[in-house]
Each structure stands twice: as structure tokens, then as C-alpha cells.
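Before any comments, here is the structure.
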Amino acid sequence: MPPSFAHRITKYNPADRDERGHYNGAEDTVSDHGAVEAAYLKAIAAFAQESGIDRLEIREPEVTGFVNFGLEAPVDGHGLAGLFPPDLTGYYDGAEVSVPVALELVRAMLRDQGAWCRLEQQDTFTVHVGWDQYLYVGSDQPCKAAVARTRELGLFSEPITASPYAVDLEEPEVTQAADEEFWERVRAELAAPQMLLLEETYLRNATRWHRLTENNLDTVRAVLGPRALLTVWPDLTPDVDAVLAALPEDESVDFVWEAPNGTIRHVTVDETHHQQLTTLVTGARAACSLPLALDERHPLFHVALPDSDGVLRARW
């Protein structure tokens with residue numbers, strides 16, 4: 001259940017909205033990286049303090065994908081430099097962060113720098129950043145003092161029924177957990193003997209690839225990211241030239257290959273990149289192409305990692 005009280009916090013004066021609620025005033029939709037941005041962060045801090053919140057959970061974290069819809073150009077590190085290591089350790093679904101770190105995450109989202117996530121404390125407090133500098137705060141408290149503080153900061157706090165960015169749990173894409181029964185099924189497939197390709201989505205728009213064997217299965221399991229989405233595919237084919245020749249002429253695909261040094265790499269390409277791709281994968285040991293359209297993707301398994309207590313809390 002969402003928190004009982006929800007507020008839309010913006011720099012946009014409600015008096016400058018038309019009959020459909022669309023803003024037609026003079027405020028810019030891009031962050032000023034200055035006083036207004038600071039006011040947003042102070043407003044969130046006021047709501048958190050009045051709600052008794054000192055830590056928030058990162059949910060559904062993502063980084064810049066193949067297509068960027070942000071108003072500002074993405075930056076190196078997705079706006080997370082200084083908050084997390086370069087490999088983004090600590091930025092994962094379910095990670096708890098202090099309110100100061102959460103505020104820096106909001107700053108990165110207000111700037112559209114590449115990272116996005118929901119910030120939540122179960123069903124008692126939520127912070128969601130939307131398009132065009134719209135901020136949504138939910139609390140189990142009315143937070144009258146925080147609403148007044150927001151107005152003092154020059155922002156507008158409007159009561160709403162619920163955040164439009166509240167997660168929709170009615171039809172989750174993945175409901176099967178990567179439990180021991182699943183891993184035994186994978187082990188049985190590998191005992192054929194054969195190899196399998198594992199796509200590990202550890203953040204939305206961020207993947208790692210592993211070529212599974214019966215001998216390395218336990219090693220790979222040990223390094224998978226918390227709550228990762230796991231998609232198991234048939235193995236790469238050693239006839240790389242045949243894979244390149246079969247690339248579609250009118251759609252984008254994920255091209256996956258094993259480099260000469262044994263690492264598994266991938267790139268999203270369309271028909272305009274085929275020549276460059278041929279050069280890029282020179283010397284590849286094996287490869288495959290995978291469709292991007294969901295209705296054309298038919299993996300062997302599609303599961304998500306449960307938490308250490310065996311409960312599947314990831315929302316894919």
C-alpha cells in the first residue's frame with residue numbers, strides 16, 4: 001500500500017497551469033544546478049525528518065540505456081560518481097542508504113544525469129523523481145510543517161492521491177525465483193554436456209554476461225549481483241561469420257561474443273553498425289545475436305535472485 005499522504009513538489013506555480021493542468025509559465029524544465037535544486041533537496045529533508053526517516057531503500061535502480069530520454073545529456077558515471085565506486089557496488093535494488101546519500105541520488109535524478117531509482121521506506125515513506133523537475137513525496141504522516149517549509153523555500157507542495165511513479169505490482173514480469181531447484185535444472189542442462197549463456201541484469205540497462213559450464217557454475221553464482229534478473233540462453237555458436245551474415249537488416253539486436261581473451265562482451269546494434277561490428281569482433285571465439293523485442297525473446301529460463309532468506313523481493 002502507498003503512504004497515506006502524497007505531495008507533488010515543484011517549482012511550477014499552480015496559477016500558471018491551464019484547464020488540463022499543463023504548466024504554461026516561464027520556469028525552465030531543466031535543473032538550475034543551484035538555488036532551486038537546493039530547495040528541492042531541503043524540502044525532501046524536511047519531509048523525511050518529520051516522518052522520522054533516517055534511511056531509505058533503493059528500489060528498481062537503473063542507469064543510462066541504449067536510448068536516453070533525459071532532458072540533459074548523460075554524464076560519465078550516470079551522476080553517481082562520488083556516491084558509489086566506478087563498478088557501482090552498493091547501488092542495487094534493496095540497498096539502504098542514509099538520507100544525505102538519498103538526497104544526492106535525487107540531485108542526480110533532477111539533473112537527468114543517467115541514474116534513476118525509487119527511494120522508499122516500506123509503505124511509510126517514498127520519494128520519486130519524475131520528468132521536468134516534478135518530485136513526489138509520500139508519507140504516513142501529514143507533514144504539515146514540511147509542507148510549510150516547502151513553501152518557505154519557494155516551491156509548491158500540492159496534495160495528490162498517489163505518486164504516478166508508484167510501482168505497479170499487478171503484473172510483474174518475473175515471478176520465479178532463482179532458488180536451488182532452478183540451479184539444479186541449470187546444472188542438469190550443463191551435464192548434457194553443453195554450455196549455456198547467462199545474461200545477468202544487475203541494474204536496469206546494465207548487464208554482465210557469463211558463459212556457463214558445469215565446472216564454473218558455482219563460481220559464477222558467487223559473483224552475481226543482489227536481486228539480479230537472470231536470463232539463460234543457449235550457448236554462443238563458434239561460427240561467428242554465420243552470425244554476422246544473419247543479422248537482420250531492419251531491426252536492432254543485442255550482439256554477444258566471446259573475445260579472444262575469454263571475456264564475454266555485448267553491444268546493441270542496428271543495420272547502420274554492421275560494418276563496424278565486423279571489425280569490433282575480429283578474432284571472436286563465438287557469438288550470437290538476440291532480439292530486443294520482448295515478444296521475440298525466448299530464453300530457456302527467466303528468473304530473479306531472491307534475498308538470503310529465500311524471499312523474492314526484486315520487482316522486475
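Just so we're on the same page: first chain in the C-alpha cells is A, next is B, and so on; residues restart at 1 for each chain, and ligands are numbered from 1 in the order they show up.
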List the neighbours of Asn261 of chain A out to 12 Å using only C-alpha atoms; skip same-chain residues closer than 4 positions along the sequence, and give me the result as a PDB file with N, CA and C atoms, in the first residue's frame.
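Result written to around-v3.pdb:
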ATOM      1  N   TRP A 257      29.420 -11.736 -27.862  1.00  0.00           N
ATOM      2  CA  TRP A 257      30.517 -12.555 -28.364  1.00  0.00           C
ATOM      3  C   TRP A 257      31.560 -12.799 -27.279  1.00  0.00           C
ATOM      4  N   ARG A 265      31.435 -10.125 -24.167  1.00  0.00           N
ATOM      5  CA  ARG A 265      31.073  -8.736 -24.400  1.00  0.00           C
ATOM      6  C   ARG A 265      29.759  -8.666 -25.182  1.00  0.00           C
ATOM      7  N   VAL A 281      34.494  -7.272 -33.622  1.00  0.00           N
ATOM      8  CA  VAL A 281      34.525  -8.642 -33.102  1.00  0.00           C
ATOM      9  C   VAL A 281      35.584  -9.505 -33.789  1.00  0.00           C
ATOM     10  N   GLY A 283      38.426 -11.807 -34.437  1.00  0.00           N
ATOM     11  CA  GLY A 283      39.081 -12.747 -33.542  1.00  0.00           C
ATOM     12  C   GLY A 283      38.165 -13.378 -32.515  1.00  0.00           C
ATOM     13  N   ALA A 284      36.872 -13.044 -32.543  1.00  0.00           N
ATOM     14  CA  ALA A 284      35.944 -13.608 -31.564  1.00  0.00           C
ATOM     15  C   ALA A 284      35.895 -15.127 -31.663  1.00  0.00           C
ATOM     16  N   ARG A 285      35.787 -15.782 -30.519  1.00  0.00           N
ATOM     17  CA  ARG A 285      35.748 -17.239 -30.475  1.00  0.00           C
ATOM     18  C   ARG A 285      34.359 -17.794 -30.796  1.00  0.00           C
ATOM     19  N   ALA A 286      33.313 -17.044 -30.405  1.00  0.00           N
ATOM     20  CA  ALA A 286      31.936 -17.478 -30.609  1.00  0.00           C
ATOM     21  C   ALA A 286      31.027 -16.271 -30.447  1.00  0.00           C
TER      22      ALA A 286
END
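Every protein, DNA or RNA residue with an atom at most 10 Å from Val127 of chain A, where only C-alpha atoms count and chain neighbours fewer than 6 positions away do not, is listed here: Ala6, His7, Ile44, Phe47, Ala48, Leu56, Ala102, Leu103, Val106, Cys117, Arg118, Leu119, Glu120, Gln121, Leu135, Tyr136, Val137, Gly138, Ser139, Ser163, Tyr165 and Ala166 of chain A.
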**Prompt:** Do you know which residues are at most 12 Å from segment 172-177 of chain A counting only C-alpha atoms, after dropping those on the same chain fewer than 2 positions away, and could you put them as a ChimeraX atom specification?
**Reply:** /A:167-170,179-183,227-231,294,301-316
Let's have the selection written as a JSON list (two decimals), in the first residue's frame, with C-alpha atoms.
[["chain", "number", "residue", "atom", "x", "y", "z"],
["A", 167, "VAL", "CA", 5.34, 0.69, -8.55],
["A", 168, "ASP", "CA", 2.66, -1.41, -10.28],
["A", 169, "LEU", "CA", 2.74, -4.90, -8.80],
["A", 170, "GLU", "CA", -0.30, -6.27, -10.61],
["A", 179, "ASP", "CA", 16.20, -20.97, -5.94],
["A", 180, "GLU", "CA", 18.09, -24.25, -5.51],
["A", 181, "GLU", "CA", 15.59, -26.10, -7.68],
["A", 182, "PHE", "CA", 16.32, -23.66, -10.51],
["A", 183, "TRP", "CA", 20.08, -24.10, -10.16],
["A", 227, "ARG", "CA", 18.32, -9.36, -6.78],
["A", 228, "ALA", "CA", 19.70, -9.61, -10.32],
["A", 229, "LEU", "CA", 17.47, -10.64, -13.20],
["A", 230, "LEU", "CA", 18.88, -13.84, -14.73],
["A", 231, "THR", "CA", 18.14, -14.87, -18.31],
["A", 294, "LEU", "CA", 10.14, -8.86, -25.73],
["A", 301, "PHE", "CA", 14.96, -19.58, -18.16],
["A", 302, "HIS", "CA", 13.94, -16.17, -16.84],
["A", 303, "VAL", "CA", 14.26, -15.76, -13.05],
["A", 304, "ALA", "CA", 15.38, -13.30, -10.39],
["A", 305, "LEU", "CA", 17.67, -13.78, -7.42],
["A", 306, "PRO", "CA", 15.89, -13.99, -4.06],
["A", 307, "ASP", "CA", 17.26, -12.48, -0.87],
["A", 308, "SER", "CA", 19.30, -14.60, 1.54],
["A", 309, "ASP", "CA", 16.11, -15.68, 3.34],
["A", 310, "GLY", "CA", 14.78, -17.16, 0.09],
["A", 311, "VAL", "CA", 12.11, -14.47, -0.46],
["A", 312, "LEU", "CA", 11.86, -12.90, -3.92],
["A", 313, "ARG", "CA", 11.60, -9.15, -3.36],
["A", 314, "ALA", "CA", 13.05, -7.92, -6.67],
["A", 315, "ARG", "CA", 10.38, -6.19, -8.78],
["A", 316, "TRP", "CA", 11.22, -6.88, -12.42]]
**Asked** Where does DSSP see strand (DSSP E) in segment 20-214 of chain A, if you list the residues as a PyMOL selection string?
**Response** chain A and resi 55-62+96-98+116-121+125-129+135-139+156-160+196-203+206-212
**Item:** Top pick for closest residue to Gly130 of chain A, considering A:Arg297, A:Arg211, A:His266, A:Arg8 and counting only C-alpha atoms
**Value:**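 Ranking A:Arg297, A:Arg211, A:His266, A:Arg8 by distance to Gly130 of chain A, first place goes to A:Arg8.
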**Message:** I'd like the neighbourhood of Asp235 of chain A as a ChimeraX atom specification, where a residue qualifies if any of its atoms comes within 6 Å (using only C-alpha atoms), though same-chain residues fewer than 4 positions away should be ignored.
**Reply:** /A:195-197
With C-alpha atoms kept, could you save the residues just selected as a short mmCIF file (atom, residue, chain, number, x, y, z; two decimals), in the first residue's frame?
data_model
loop_
_atom_site.label_atom_id
_atom_site.label_comp_id
_atom_site.auth_asym_id
_atom_site.auth_seq_id
_atom_site.Cartn_x
_atom_site.Cartn_y
_atom_site.Cartn_z
CA MET A 195 27.47 -24.72 -22.26
CA LEU A 196 24.89 -22.03 -21.61
CA LEU A 197 24.89 -18.24 -21.86
#
